[in-house]
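Encoded as structure tokens, the structure appears first; notes follow it.
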Amino acid sequence: MEINTSFDAGRLTVYLSGELDHHEARRVMLRIDELLDEYLPRDCALNLAGLRFMDSSGIAVIIRVSRRMQILGGRAWIEDPARQPQRVIDAAGIDRLVPIAMSR
Amino acid sequence: MKGQNYIKLEFPSRSSNEAFARAAAAAFASQLDPTMEELGDLRTAVSEAVTNAIVHAYPDSIGKIGVRMRILEGSAVEISVRDWGRGIEDVERAMTPLYTSGGEERSGMGFTIMSSFTDRLRVRSAPGKGTTVTMRKLISPRRP
């Protein structure tokens, strides 16, 4: 599980790659919390293009980021989910809570 | 067909075994030549069932988890994930979307995902004795 970031004009993009399961979830949440505290972004995109696998632990991560961005008065969305994460997002129905943006 | 193939695994309820369990499930199921999507669904469902056992069956200790997989006639696979832990008091409530008794890294969507990614889901549980989750997934035969 790897976490990379870019920050540009108030927008933080968090690139998650590898496999996001319960074993990895806490570390990922803590890291994203640190990033949000550090950058205080206006928008936060979770880029899932490189995420080979996620289960409902990934849903918990996405919901947490969305709630934290609401508290900051900003927006959060999912960007370019790979096929398997997309299926999990669809099954959980969280596309109603967190928008999905496709750039390709 | 006689002598259908099966495997049995047993491991301690350490979260580092989640990745192992879903990889083993995918490797076993690959003999049915599943699509990438079917394999992804199976990996996800197994990950959810094993995570539930780790988080809920043994919240304060390390216990034993058993995974049994077998090939069923008509190109299907059956997976059961068993624990000997705390058990579930109210299975129906546990299966309600967004309900969780876990920490903030749980979303309450585990059973929802297991049931949408498999063709049959059964949960048997006895408080204080443990839980068995049994899932079946049909693998569509591929045309040559």
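Identifiers in this document derive from the order of the structure tokens: chains are assigned A, B, ..., residues are numbered from 1 separately in each chain, and ligands are numbered from 1 in order of occurrence.
All residues of protein, DNA or RNA that reach within 6 Å of stretch 80-91 of chain A, judged by only C-alpha atoms and not counting those fewer than 6 positions away in the chain, are Leu48, Ala49, Met54 and Met102 of chain A.
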Once you count only C-alpha atoms, what closest atom pair and distance in Å to one decimal does each residue of chain A within 7 Å of chain B have, with rows by chain and rising residue number, as a tab-separated table?
```
residue	atom	partner	partner_atom	distance
A:His22	CA	B:Thr51	CA	6.7
A:His23	CA	B:Ser15	CA	5.0
A:Ala25	CA	B:Glu105	CA	6.3
A:Arg26	CA	B:Glu105	CA	6.3
A:Asp55	CA	B:Thr44	CA	5.7
A:Ser56	CA	B:Gly110	CA	5.8
A:Ser57	CA	B:Arg106	CA	5.8
A:Ile59	CA	B:Ser107	CA	6.2
A:Ala60	CA	B:Ser107	CA	4.6
A:Val61	CA	B:Glu105	CA	6.9
A:Gln84	CA	B:Gly40	CA	6.3
A:Ala91	CA	B:Ile113	CA	6.1
A:Ala92	CA	B:Met109	CA	6.4
```
Take the selection from the previous step and output its residues with C-alpha atoms, as a PDB file, in the first residue's frame.
```pdb
ATOM      1  CA  HIS A  22      -8.513  -3.646   7.082  1.00  0.00           C
ATOM      2  CA  HIS A  23      -4.828  -4.382   7.797  1.00  0.00           C
ATOM      3  CA  ALA A  25      -6.824   1.018   6.709  1.00  0.00           C
ATOM      4  CA  ARG A  26      -5.753   2.539  10.021  1.00  0.00           C
ATOM      5  CA  ASP A  55     -12.751  -3.924   0.361  1.00  0.00           C
ATOM      6  CA  SER A  56     -15.190  -2.174   2.704  1.00  0.00           C
ATOM      7  CA  SER A  57     -12.208  -0.803   4.638  1.00  0.00           C
ATOM      8  CA  ILE A  59     -15.272   2.641   1.970  1.00  0.00           C
ATOM      9  CA  ALA A  60     -14.530   3.613   5.582  1.00  0.00           C
ATOM     10  CA  VAL A  61     -11.462   5.586   4.416  1.00  0.00           C
ATOM     11  CA  GLN A  84     -12.409  -3.526  -8.694  1.00  0.00           C
ATOM     12  CA  ALA A  91     -22.102  -2.103  -4.163  1.00  0.00           C
ATOM     13  CA  ALA A  92     -21.780   0.136  -1.099  1.00  0.00           C
TER      14      ALA A  92
END
```
Find the residues around stretch 130-140 of chain B up to 7 Å (only C-alpha atoms counted), leave out those fewer than 6 positions away in its own chain, and share them as JSON, numbers by chain.
{"B": [32, 34, 38, 49, 57, 75, 76, 77, 78, 79, 80, 81, 82, 83, 84, 85, 86, 87, 118, 119, 120, 121, 122, 123, 124]}
Helix (DSSP H, G or I) per DSSP on the backbone: members of stretch 30-103 of chain A, as a PyMOL selection string:
chain A and resi 30-39+56-71+83-92+94-96
Taking only C-alpha atoms into account, name the residue in B:Pro12, B:Asp90, B:Ala126, B:Ile7 that is nearest to B:Ser61.
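The answer is B:Pro12, which sits nearest to B:Ser61.
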Could you list, as a PyMOL selection string, every residue within 7 Å of A:Trp77, counting only C-alpha atoms and ignoring same-chain residues fewer than 5 positions away?
chain A and resi 44-46+98-100
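One finds atom CA of A:Leu97 at 24.0 Å from atom CA of A:Asn4.
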Within chain B, find each residue whose DSSP state, derived from the backbone, is strand (DSSP E), and express the selection as a ChimeraX atom specification.
/B:6-12,64-72,76-83,120-126,130-138
